[in-house]
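For reference, final-v3.tsv is printed below; it contains TSV, C-alpha atoms.
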chain	number	residue	atom	x	y	z
A	29	GLU	CA	0.00	0.00	0.00
A	30	GLU	CA	1.06	3.55	-0.75
A	31	PHE	CA	1.19	4.63	2.90
A	32	SER	CA	2.19	1.35	4.53
A	33	GLN	CA	5.80	2.34	5.19
A	34	LEU	CA	4.70	5.68	6.60
A	35	ARG	CA	2.33	3.92	9.00
A	36	VAL	CA	5.11	1.57	10.10
A	37	HIS	CA	7.36	4.57	10.75
A	38	ILE	CA	4.67	6.31	12.82
A	39	HIS	CA	4.04	3.18	14.88
A	40	GLU	CA	7.73	2.67	15.56
A	41	SER	CA	8.30	6.36	16.39
A	42	LEU	CA	5.44	6.36	18.91
A	43	LEU	CA	6.37	2.91	20.31
A	44	LEU	CA	2.98	1.53	19.26
A	45	PRO	CA	2.26	-2.14	18.46
A	46	THR	CA	3.28	-3.07	14.92
A	47	ASN	CA	0.51	-5.64	14.49
A	48	ARG	CA	-2.58	-3.51	15.13
A	49	PRO	CA	-3.84	-0.94	12.60
A	50	LEU	CA	-4.22	2.46	14.26
A	51	PHE	CA	-3.62	4.97	11.46
A	52	ARG	CA	-5.67	3.59	8.59
A	53	SER	CA	-8.48	5.71	7.19
A	54	VAL	CA	-11.02	3.34	8.73
A	55	CYS	CA	-9.59	4.21	12.16
A	56	GLU	CA	-10.36	7.92	11.87
A	57	TYR	CA	-12.39	9.43	14.67
A	58	ASP	CA	-15.54	11.25	13.69
A	59	PHE	CA	-15.91	14.36	15.87
A	60	ARG	CA	-19.32	15.24	14.50
A	61	PRO	CA	-22.06	15.25	17.18
A	62	ARG	CA	-24.03	12.02	17.41
A	63	SER	CA	-27.01	10.93	19.44
A	64	SER	CA	-26.32	8.67	22.42
A	65	GLU	CA	-27.99	5.84	20.53
A	66	ALA	CA	-25.64	6.30	17.56
A	67	HIS	CA	-22.64	6.27	19.89
A	68	SER	CA	-23.83	3.03	21.48
A	69	ASN	CA	-23.91	1.39	18.03
A	70	MET	CA	-20.28	2.20	17.23
A	71	ILE	CA	-17.19	0.32	18.45
A	72	GLN	CA	-13.75	1.40	17.21
A	73	ASN	CA	-15.56	3.51	14.58
A	74	VAL	CA	-17.25	0.35	13.23
A	75	LYS	CA	-21.04	0.02	13.35
A	76	VAL	CA	-22.21	-2.93	15.41
A	77	SER	CA	-25.66	-4.50	15.62
A	78	ARG	CA	-25.22	-7.18	18.29
A	79	LEU	CA	-24.01	-7.61	21.84
A	80	VAL	CA	-20.34	-6.81	22.23
A	81	ASP	CA	-17.79	-8.32	24.64
A	82	VAL	CA	-20.28	-10.20	26.80
A	83	HIS	CA	-17.43	-12.01	28.58
A	84	LEU	CA	-15.83	-8.98	30.24
A	85	PRO	CA	-17.68	-9.15	33.62
A	86	LEU	CA	-16.48	-12.76	33.94
A	87	CYS	CA	-12.81	-11.81	33.80
A	88	SER	CA	-10.67	-10.96	36.78
A	89	SER	CA	-7.36	-9.17	37.10
A	90	VAL	CA	-6.72	-11.22	40.23
A	91	SER	CA	-5.34	-14.75	40.03
A	92	SER	CA	-7.79	-17.44	41.03
A	93	GLY	CA	-4.99	-19.35	42.78
A	94	ASN	CA	-1.29	-19.11	43.45
A	95	GLN	CA	-0.36	-20.32	39.98
A	96	SER	CA	-3.62	-19.78	38.07
A	97	HIS	CA	-3.94	-16.88	35.66
A	98	GLU	CA	-6.36	-15.81	32.95
A	99	TYR	CA	-5.17	-15.44	29.36
A	100	LEU	CA	-7.71	-13.74	27.10
A	101	ILE	CA	-8.37	-12.33	23.66
A	102	GLN	CA	-7.50	-8.71	22.99
A	103	GLY	CA	-10.09	-6.54	21.28
A	104	SER	CA	-13.84	-6.48	20.81
A	105	TYR	CA	-16.19	-8.83	18.97
A	106	GLU	CA	-19.92	-9.21	18.33
A	107	TYR	CA	-21.78	-12.22	19.70
A	108	TYR	CA	-23.41	-14.26	16.92
A	109	HIS	CA	-25.68	-17.16	17.87
A	110	TYR	CA	-28.56	-19.32	16.66
A	111	MET	CA	-31.72	-17.76	15.20
A	112	GLN	CA	-30.44	-14.20	14.82
A	113	ASP	CA	-31.86	-12.08	11.97
A	114	LYS	CA	-34.91	-14.39	12.01
A	115	PHE	CA	-32.81	-17.06	10.30
A	116	ASP	CA	-33.44	-20.59	11.55
A	117	ASP	CA	-30.09	-22.38	11.79
A	118	LYS	CA	-30.87	-24.34	14.94
A	119	GLY	CA	-29.12	-27.69	14.89
A	120	TRP	CA	-26.63	-26.95	12.11
A	121	GLY	CA	-25.38	-23.35	12.15
A	122	CYS	CA	-23.15	-23.23	15.25
A	123	ALA	CA	-19.85	-23.18	13.35
A	124	TYR	CA	-21.20	-20.53	10.97
A	125	ARG	CA	-22.04	-18.37	13.99
A	126	SER	CA	-18.61	-18.89	15.53
A	127	LEU	CA	-17.04	-17.86	12.21
A	128	GLN	CA	-19.22	-14.74	12.13
A	129	THR	CA	-18.08	-13.84	15.65
A	130	ILE	CA	-14.42	-14.19	14.62
A	131	ILE	CA	-14.88	-12.10	11.47
A	132	SER	CA	-16.58	-9.41	13.58
A	133	TRP	CA	-13.44	-9.43	15.74
A	134	CYS	CA	-11.28	-8.98	12.61
A	135	ARG	CA	-13.46	-6.03	11.56
A	136	LEU	CA	-13.34	-4.35	14.97
A	137	GLN	CA	-9.53	-4.61	15.01
A	138	HIS	CA	-9.48	-3.04	11.51
A	139	TYR	CA	-7.77	-6.06	9.95
A	140	THR	CA	-10.52	-6.15	7.33
A	141	THR	CA	-13.43	-4.03	6.18
A	142	VAL	CA	-15.50	-6.84	4.64
A	143	PRO	CA	-19.00	-7.26	6.09
A	144	VAL	CA	-19.74	-10.25	8.29
A	145	PRO	CA	-21.03	-12.89	5.82
A	146	ASP	CA	-24.35	-14.65	6.22
A	147	HIS	CA	-24.73	-18.41	5.88
A	148	THR	CA	-25.42	-18.28	2.15
A	149	LYS	CA	-22.35	-16.13	1.51
A	150	ILE	CA	-20.20	-18.55	3.50
A	151	GLN	CA	-21.55	-21.49	1.51
A	152	LYS	CA	-20.98	-19.72	-1.82
A	153	LEU	CA	-17.39	-18.91	-0.84
A	154	LEU	CA	-16.71	-22.57	-0.03
A	155	VAL	CA	-18.10	-23.56	-3.43
A	156	LYS	CA	-16.03	-20.85	-5.11
A	157	ILE	CA	-12.74	-22.14	-3.70
A	158	GLY	CA	-13.63	-25.72	-4.65
A	159	ASP	CA	-14.14	-27.08	-1.15
A	160	LYS	CA	-17.84	-27.88	-1.63
A	161	PRO	CA	-20.10	-28.87	-4.57
A	162	SER	CA	-22.66	-26.41	-5.92
A	163	THR	CA	-25.43	-28.30	-4.11
A	164	PHE	CA	-23.95	-27.11	-0.82
A	165	VAL	CA	-25.47	-23.64	-1.29
A	166	GLY	CA	-28.82	-23.44	0.47
A	167	SER	CA	-28.26	-26.65	2.42
A	168	LYS	CA	-28.20	-27.19	6.17
A	169	GLU	CA	-24.87	-29.00	6.16
A	170	TRP	CA	-22.41	-28.38	8.95
A	171	ILE	CA	-19.04	-26.78	8.50
A	172	GLY	CA	-16.01	-27.35	10.72
A	173	ALA	CA	-12.72	-25.80	11.74
A	174	ASN	CA	-11.10	-26.44	8.36
A	175	GLU	CA	-13.84	-24.58	6.51
A	176	VAL	CA	-13.60	-21.73	9.01
A	177	CYS	CA	-9.87	-21.49	8.25
A	178	TYR	CA	-10.57	-21.40	4.52
A	179	ILE	CA	-13.10	-18.58	4.85
A	180	LEU	CA	-10.92	-16.50	7.16
A	181	ASP	CA	-8.08	-16.74	4.65
A	182	GLU	CA	-10.10	-16.30	1.44
A	183	TYR	CA	-12.58	-13.69	2.65
A	184	ALA	CA	-10.91	-11.78	5.48
A	185	GLY	CA	-7.24	-12.28	4.60
A	186	VAL	CA	-6.47	-13.80	8.00
A	187	SER	CA	-4.46	-17.02	8.16
A	188	SER	CA	-4.96	-19.68	10.84
A	189	ARG	CA	-3.50	-22.90	12.08
A	190	ILE	CA	-5.35	-26.06	13.06
A	191	MET	CA	-4.70	-27.87	16.31
A	192	HIS	CA	-6.06	-31.42	16.04
A	193	ILE	CA	-6.95	-33.29	19.21
A	194	SER	CA	-7.92	-36.93	18.75
A	195	ASN	CA	-10.24	-37.07	21.76
A	196	GLY	CA	-11.82	-34.67	24.20
A	197	ALA	CA	-10.08	-36.27	27.16
A	198	ASP	CA	-6.79	-34.77	25.93
A	199	ILE	CA	-7.93	-31.16	25.59
A	200	GLU	CA	-6.89	-30.12	29.09
A	201	SER	CA	-3.35	-31.29	28.30
A	202	LYS	CA	-3.26	-28.55	25.65
A	203	GLY	CA	-3.71	-25.87	28.30
A	204	ARG	CA	-0.17	-24.52	28.01
A	205	GLU	CA	-0.38	-24.37	24.21
A	206	LEU	CA	-3.66	-22.48	24.42
A	207	MET	CA	-2.18	-20.19	27.05
A	208	MET	CA	0.65	-19.33	24.64
A	209	HIS	CA	-1.87	-18.59	21.89
A	210	PHE	CA	-3.60	-16.05	24.10
A	211	ILE	CA	-0.25	-14.51	25.04
A	212	GLU	CA	1.15	-14.30	21.50
A	213	GLN	CA	-1.90	-13.99	19.22
A	214	ARG	CA	-4.81	-13.04	21.49
A	215	THR	CA	-7.36	-13.97	18.82
A	216	PRO	CA	-10.65	-15.86	19.36
A	217	ILE	CA	-10.51	-19.57	18.55
A	218	MET	CA	-13.20	-21.63	16.83
A	219	ILE	CA	-13.59	-25.10	18.34
A	220	GLY	CA	-14.99	-27.68	15.93
A	221	GLY	CA	-14.79	-31.39	15.33
A	222	GLY	CA	-17.15	-34.31	15.57
A	223	VAL	CA	-19.64	-32.64	17.89
A	224	LEU	CA	-20.73	-29.11	18.84
A	225	ALA	CA	-18.85	-25.94	17.83
A	226	TYR	CA	-17.84	-23.22	20.27
A	227	THR	CA	-15.85	-19.99	20.36
A	228	LEU	CA	-12.97	-19.90	22.84
A	229	LEU	CA	-12.16	-16.47	24.28
A	230	GLY	CA	-9.49	-17.42	26.79
A	231	VAL	CA	-8.16	-19.92	29.29
A	232	ARG	CA	-7.52	-19.94	33.03
A	233	TYR	CA	-4.35	-21.97	33.35
A	234	ASP	CA	-2.56	-23.24	36.45
A	235	SER	CA	1.11	-23.61	35.56
A	236	LYS	CA	1.76	-25.80	38.60
A	237	THR	CA	-0.98	-28.39	38.15
A	238	GLY	CA	-1.88	-27.97	34.46
A	239	LYS	CA	-5.53	-27.53	35.41
A	240	THR	CA	-7.34	-25.49	32.77
A	241	LYS	CA	-10.67	-23.70	32.52
A	242	PHE	CA	-12.02	-22.52	29.19
A	243	LEU	CA	-13.87	-19.22	28.59
A	244	ILE	CA	-16.57	-20.36	26.16
A	245	LEU	CA	-18.89	-18.25	24.04
A	246	ASP	CA	-21.67	-20.63	22.98
A	247	PRO	CA	-23.27	-20.04	19.56
A	248	HIS	CA	-26.15	-22.44	20.40
A	249	TYR	CA	-27.94	-19.82	22.49
A	250	ILE	CA	-31.52	-19.04	21.44
A	251	GLY	CA	-33.18	-16.08	23.09
A	252	PRO	CA	-33.09	-12.32	23.58
A	253	ASP	CA	-29.78	-10.50	23.42
A	254	ASP	CA	-29.67	-9.97	27.17
A	255	GLU	CA	-26.17	-10.13	28.65
A	256	ASN	CA	-27.40	-11.05	32.12
A	257	ILE	CA	-29.35	-14.04	30.83
A	258	ILE	CA	-26.48	-15.16	28.60
A	259	ARG	CA	-23.95	-15.09	31.43
A	260	SER	CA	-26.19	-16.36	34.24
A	261	LYS	CA	-27.37	-19.33	32.15
A	262	GLY	CA	-23.83	-20.22	31.14
A	263	TRP	CA	-24.01	-19.39	27.44
A	264	CYS	CA	-20.88	-17.38	28.04
A	265	GLY	CA	-18.80	-18.64	30.91
A	266	TRP	CA	-15.85	-20.55	32.32
A	267	LYS	CA	-16.12	-24.27	31.63
A	268	GLY	CA	-14.10	-27.24	32.81
A	269	PRO	CA	-12.73	-30.00	30.59
A	270	GLU	CA	-15.94	-31.97	31.18
A	271	LEU	CA	-17.52	-29.73	28.52
A	272	PHE	CA	-15.79	-31.79	25.86
A	273	VAL	CA	-16.97	-35.26	24.83
A	274	GLN	CA	-14.23	-37.59	26.00
A	275	ASN	CA	-14.15	-39.90	22.97
A	276	ALA	CA	-14.83	-37.29	20.24
A	277	PHE	CA	-12.17	-35.59	18.14
A	278	TYR	CA	-11.75	-31.81	18.05
A	279	ASN	CA	-10.14	-29.30	15.73
A	280	PHE	CA	-9.23	-25.85	16.97
A	281	CYS	CA	-9.05	-23.10	14.32
A	282	MET	CA	-6.52	-20.66	15.78
A	283	PRO	CA	-6.30	-17.40	13.80
A	284	VAL	CA	-2.88	-15.80	13.52
A	285	ARG	CA	-2.94	-12.09	14.22
A	286	PRO	CA	-2.00	-10.26	11.01
A	287	GLN	CA	1.31	-8.44	11.20
A	288	ILE	CA	0.06	-5.25	9.58
A	289	VAL	CA	-0.51	-1.64	10.56

Show me this structure written as structure tokens.
Amino acid sequence: EEFSQLRVHIHESLLLPTNRPLFRSVCEYDFRPRSSEAHSNMIQNVKVSRLVDVHLPLCSSVSSGNQSHEYLIQGSYEYYHYMQDKFDDKGWGCAYRSLQTIISWCRLQHYTTVPVPDHTKIQKLLVKIGDKPSTFVGSKEWIGANEVCYILDEYAGVSSRIMHISNGADIESKGRELMMHFIEQRTPIMIGGGVLAYTLLGVRYDSKTGKTKFLILDPHYIGPDDENIIRSKGWCGWKGPELFVQNAFYNFCMPVRPQIV
């Protein structure tokens, strides 16, 4: 880009992170007066239409034990879940919703300006890149972590890596690896595999015992966009390893934070 080197120079001169866009045109602040309602619908100068950052009241700056610490995503996201926009995806759309949540995170960090795709757009993209047959469009077929990786790369320009876990009983043993992801990348993770899909927003990891809790944002929620209900009923909350089916395989789509400014 014409101004990319200039932006890098500004970031370095001001000792700002060199992997988070701060001086792109999309980051400009609009000083024009707005109504309070308009302000409430804007995050990082990006219009939002859903609940944002519902996990924050669940996070603590204090360790939950001598060796236990929380490692979380950085940046805002919108919460996408079943049945939004009067679209019935109950029973098959959980991974689509997790993907939408992750793309909303990419938008709110200014890594992309593409709109969050709907289910049909996602299906058409998978057909376009040759991953699915034309009959996939308009179907109620599931997608998984691999398809989420393909869409993030093709549509949003964000690469990812896949962590394969052969059975749910082994997921807690990946606590340190997940901790490092939330230290180095700090991006939301899509959990897929042979069963239900989830979005992972962080881990609470005990370096002494290896015990791990998982901060889960559940796309299976059906109901009003009420943060109190969502948190109190556990649709967003800290979960133990018992969440995962012991004999089912899992794939974690772990987006790599773009190194751009």

Non-local contacts of Val155 (chain A) (8 Å; all atoms listed in the file; under 6 positions in same chain excluded) as number ranges by chain
A: 161-162, 164-165

Requested write-out: C-alpha atoms of the selected residues, as a compact mmCIF listing (two decimals), in the coordinates of the input:
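See out09.txt below for the written result:
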# COMPACT_ATOMS: atom_id res chain seq x y z
CA PRO A 161 -20.10 -28.87 -4.57
CA SER A 162 -22.66 -26.41 -5.92
CA PHE A 164 -23.95 -27.11 -0.82
CA VAL A 165 -25.47 -23.64 -1.29

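Between CA of His192 (chain A) and CA of Tyr278 (chain A) the separation is 6.0 Å.
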
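A straight line drawn from CA of Gly185 (chain A) to CA of Tyr107 (chain A) is 21.0 Å long.
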
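Here the question is which of A:Ser235, A:Thr148, A:Ser126, A:Ser187 gets nearest to Lys168 (chain A) using only C-alpha atoms, and that residue is A:Thr148.
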
Just the number, please: distance in Å from CA of Glu175 (chain A) to CA of Leu271 (chain A), one decimal.
22.9 Å

Within 8 Å of region 237-261 of chain A, which residues of region 92-180 of chain A come that close, and what is the closest atom pair and distance in Å for each? Count only C-alpha atoms and give it as JSON lines.
{"residue": "A:Tyr107", "atom": "CA", "partner": "A:Pro247", "partner_atom": "CA", "distance": 8.0}
{"residue": "A:Tyr108", "atom": "CA", "partner": "A:Pro247", "partner_atom": "CA", "distance": 6.4}
{"residue": "A:His109", "atom": "CA", "partner": "A:Pro247", "partner_atom": "CA", "distance": 4.1}
{"residue": "A:Tyr110", "atom": "CA", "partner": "A:His248", "partner_atom": "CA", "distance": 5.4}
{"residue": "A:Met111", "atom": "CA", "partner": "A:Ile250", "partner_atom": "CA", "distance": 6.4}
{"residue": "A:Lys118", "atom": "CA", "partner": "A:His248", "partner_atom": "CA", "distance": 7.5}
{"residue": "A:Cys122", "atom": "CA", "partner": "A:Pro247", "partner_atom": "CA", "distance": 5.4}
{"residue": "A:Ala123", "atom": "CA", "partner": "A:Pro247", "partner_atom": "CA", "distance": 7.8}
{"residue": "A:Arg125", "atom": "CA", "partner": "A:Pro247", "partner_atom": "CA", "distance": 5.9}
{"residue": "A:Ser126", "atom": "CA", "partner": "A:Pro247", "partner_atom": "CA", "distance": 6.3}

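Each of A:Ser77, A:Tyr183, A:Gln102, A:Arg135 was compared to Ile157 (chain A) using only C-alpha atoms, and A:Tyr183 turns out to be the nearest.
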
With a cut-off of 8 Å, could you pull out the residues of region 94-179 of chain A touching region 216-220 of chain A and give me the nearest pair of atoms for each, distance in Å to one decimal, using all atoms listed in the file, ordered by chain and ascending number, as CSV?
residue,atom,partner,partner_atom,distance
A:Ile101,CA,A:Pro216,CA,6.0
A:Ala123,CA,A:Gly220,CA,7.1
A:Ser126,CA,A:Met218,CA,6.2
A:Leu127,CA,A:Met218,CA,7.1
A:Ile130,CA,A:Pro216,CA,6.3
A:Trp133,CA,A:Pro216,CA,7.9
A:Gly172,CA,A:Gly220,CA,5.3
A:Ala173,CA,A:Gly220,CA,5.1
A:Val176,CA,A:Met218,CA,7.8

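In this comparison, which uses all atoms listed in the file, the residue of A:Trp170, A:Leu100, A:Leu229, A:Ala276 approaching Ser88 (chain A) most closely is A:Leu100.
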
Is there a way to complete region 79-90 of chain A with all heavy atoms and then write that out as a PDB file, in the frame of the given file?
ATOM      1  N   LEU A  79     -24.711  -7.767  20.575  1.00  0.00           N
ATOM      2  CA  LEU A  79     -24.010  -7.610  21.840  1.00  0.00           C
ATOM      3  C   LEU A  79     -22.512  -7.682  21.623  1.00  0.00           C
ATOM      4  O   LEU A  79     -22.023  -8.467  20.809  1.00  0.00           O
ATOM      5  CB  LEU A  79     -24.446  -8.703  22.822  1.00  0.00           C
ATOM      6  CG  LEU A  79     -25.890  -8.648  23.326  1.00  0.00           C
ATOM      7  CD1 LEU A  79     -26.172  -9.838  24.230  1.00  0.00           C
ATOM      8  CD2 LEU A  79     -26.168  -7.343  24.054  1.00  0.00           C
ATOM      9  N   VAL A  80     -21.795  -6.898  22.375  1.00  0.00           N
ATOM     10  CA  VAL A  80     -20.340  -6.810  22.230  1.00  0.00           C
ATOM     11  C   VAL A  80     -19.671  -7.163  23.559  1.00  0.00           C
ATOM     12  O   VAL A  80     -20.102  -6.719  24.626  1.00  0.00           O
ATOM     13  CB  VAL A  80     -19.919  -5.379  21.793  1.00  0.00           C
ATOM     14  CG1 VAL A  80     -18.403  -5.237  21.768  1.00  0.00           C
ATOM     15  CG2 VAL A  80     -20.508  -5.049  20.422  1.00  0.00           C
ATOM     16  N   ASP A  81     -18.651  -8.020  23.488  1.00  0.00           N
ATOM     17  CA  ASP A  81     -17.790  -8.320  24.640  1.00  0.00           C
ATOM     18  C   ASP A  81     -18.567  -8.778  25.872  1.00  0.00           C
ATOM     19  O   ASP A  81     -18.349  -8.283  26.990  1.00  0.00           O
ATOM     20  CB  ASP A  81     -16.936  -7.091  24.999  1.00  0.00           C
ATOM     21  CG  ASP A  81     -16.058  -6.632  23.843  1.00  0.00           C
ATOM     22  OD1 ASP A  81     -15.806  -7.435  22.930  1.00  0.00           O
ATOM     23  OD2 ASP A  81     -15.625  -5.463  23.853  1.00  0.00           O
ATOM     24  N   VAL A  82     -19.437  -9.744  25.681  1.00  0.00           N
ATOM     25  CA  VAL A  82     -20.280 -10.200  26.800  1.00  0.00           C
ATOM     26  C   VAL A  82     -19.476 -10.901  27.888  1.00  0.00           C
ATOM     27  O   VAL A  82     -19.973 -11.099  28.998  1.00  0.00           O
ATOM     28  CB  VAL A  82     -21.411 -11.125  26.298  1.00  0.00           C
ATOM     29  CG1 VAL A  82     -22.343 -10.380  25.382  1.00  0.00           C
ATOM     30  CG2 VAL A  82     -20.847 -12.347  25.590  1.00  0.00           C
ATOM     31  N   HIS A  83     -18.243 -11.255  27.613  1.00  0.00           N
ATOM     32  CA  HIS A  83     -17.430 -12.010  28.580  1.00  0.00           C
ATOM     33  C   HIS A  83     -16.783 -11.127  29.634  1.00  0.00           C
ATOM     34  O   HIS A  83     -16.342 -11.640  30.672  1.00  0.00           O
ATOM     35  CB  HIS A  83     -16.316 -12.756  27.841  1.00  0.00           C
ATOM     36  CG  HIS A  83     -15.240 -11.864  27.309  1.00  0.00           C
ATOM     37  ND1 HIS A  83     -15.449 -10.988  26.269  1.00  0.00           N
ATOM     38  CD2 HIS A  83     -13.930 -11.689  27.687  1.00  0.00           C
ATOM     39  CE1 HIS A  83     -14.329 -10.324  26.017  1.00  0.00           C
ATOM     40  NE2 HIS A  83     -13.394 -10.731  26.864  1.00  0.00           N
ATOM     41  N   LEU A  84     -16.682  -9.829  29.404  1.00  0.00           N
ATOM     42  CA  LEU A  84     -15.830  -8.980  30.240  1.00  0.00           C
ATOM     43  C   LEU A  84     -16.149  -9.046  31.735  1.00  0.00           C
ATOM     44  O   LEU A  84     -15.223  -9.105  32.561  1.00  0.00           O
ATOM     45  CB  LEU A  84     -15.888  -7.529  29.746  1.00  0.00           C
ATOM     46  CG  LEU A  84     -15.166  -7.258  28.422  1.00  0.00           C
ATOM     47  CD1 LEU A  84     -15.281  -5.785  28.037  1.00  0.00           C
ATOM     48  CD2 LEU A  84     -13.693  -7.679  28.498  1.00  0.00           C
ATOM     49  N   PRO A  85     -17.421  -9.057  32.169  1.00  0.00           N
ATOM     50  CA  PRO A  85     -17.680  -9.150  33.620  1.00  0.00           C
ATOM     51  C   PRO A  85     -17.223 -10.463  34.241  1.00  0.00           C
ATOM     52  O   PRO A  85     -17.163 -10.573  35.476  1.00  0.00           O
ATOM     53  CB  PRO A  85     -19.204  -9.002  33.707  1.00  0.00           C
ATOM     54  CG  PRO A  85     -19.590  -8.262  32.468  1.00  0.00           C
ATOM     55  CD  PRO A  85     -18.664  -8.785  31.411  1.00  0.00           C
ATOM     56  N   LEU A  86     -16.904 -11.459  33.422  1.00  0.00           N
ATOM     57  CA  LEU A  86     -16.480 -12.760  33.940  1.00  0.00           C
ATOM     58  C   LEU A  86     -14.968 -12.832  34.152  1.00  0.00           C
ATOM     59  O   LEU A  86     -14.468 -13.826  34.676  1.00  0.00           O
ATOM     60  CB  LEU A  86     -16.882 -13.869  32.955  1.00  0.00           C
ATOM     61  CG  LEU A  86     -18.376 -13.983  32.663  1.00  0.00           C
ATOM     62  CD1 LEU A  86     -18.607 -14.974  31.514  1.00  0.00           C
ATOM     63  CD2 LEU A  86     -19.131 -14.430  33.906  1.00  0.00           C
ATOM     64  N   CYS A  87     -14.270 -11.791  33.738  1.00  0.00           N
ATOM     65  CA  CYS A  87     -12.810 -11.810  33.800  1.00  0.00           C
ATOM     66  C   CYS A  87     -12.314 -11.060  35.017  1.00  0.00           C
ATOM     67  O   CYS A  87     -12.910 -10.077  35.446  1.00  0.00           O
ATOM     68  CB  CYS A  87     -12.219 -11.200  32.530  1.00  0.00           C
ATOM     69  SG  CYS A  87     -12.784 -12.022  31.017  1.00  0.00           S
ATOM     70  N   SER A  88     -11.223 -11.537  35.563  1.00  0.00           N
ATOM     71  CA  SER A  88     -10.670 -10.960  36.780  1.00  0.00           C
ATOM     72  C   SER A  88      -9.205 -10.639  36.580  1.00  0.00           C
ATOM     73  O   SER A  88      -8.471 -11.377  35.919  1.00  0.00           O
ATOM     74  CB  SER A  88     -10.819 -11.936  37.959  1.00  0.00           C
ATOM     75  OG  SER A  88     -10.136 -11.456  39.089  1.00  0.00           O
ATOM     76  N   SER A  89      -8.777  -9.515  37.137  1.00  0.00           N
ATOM     77  CA  SER A  89      -7.360  -9.170  37.100  1.00  0.00           C
ATOM     78  C   SER A  89      -6.594  -9.851  38.215  1.00  0.00           C
ATOM     79  O   SER A  89      -5.376  -9.754  38.300  1.00  0.00           O
ATOM     80  CB  SER A  89      -7.187  -7.642  37.215  1.00  0.00           C
ATOM     81  OG  SER A  89      -7.745  -7.174  38.433  1.00  0.00           O
ATOM     82  N   VAL A  90      -7.333 -10.554  39.083  1.00  0.00           N
ATOM     83  CA  VAL A  90      -6.720 -11.220  40.230  1.00  0.00           C
ATOM     84  C   VAL A  90      -6.620 -12.718  39.934  1.00  0.00           C
ATOM     85  O   VAL A  90      -7.561 -13.331  39.431  1.00  0.00           O
ATOM     86  CB  VAL A  90      -7.551 -10.995  41.515  1.00  0.00           C
ATOM     87  CG1 VAL A  90      -6.900 -11.699  42.694  1.00  0.00           C
ATOM     88  CG2 VAL A  90      -7.694  -9.508  41.782  1.00  0.00           C
TER      89      VAL A  90
END
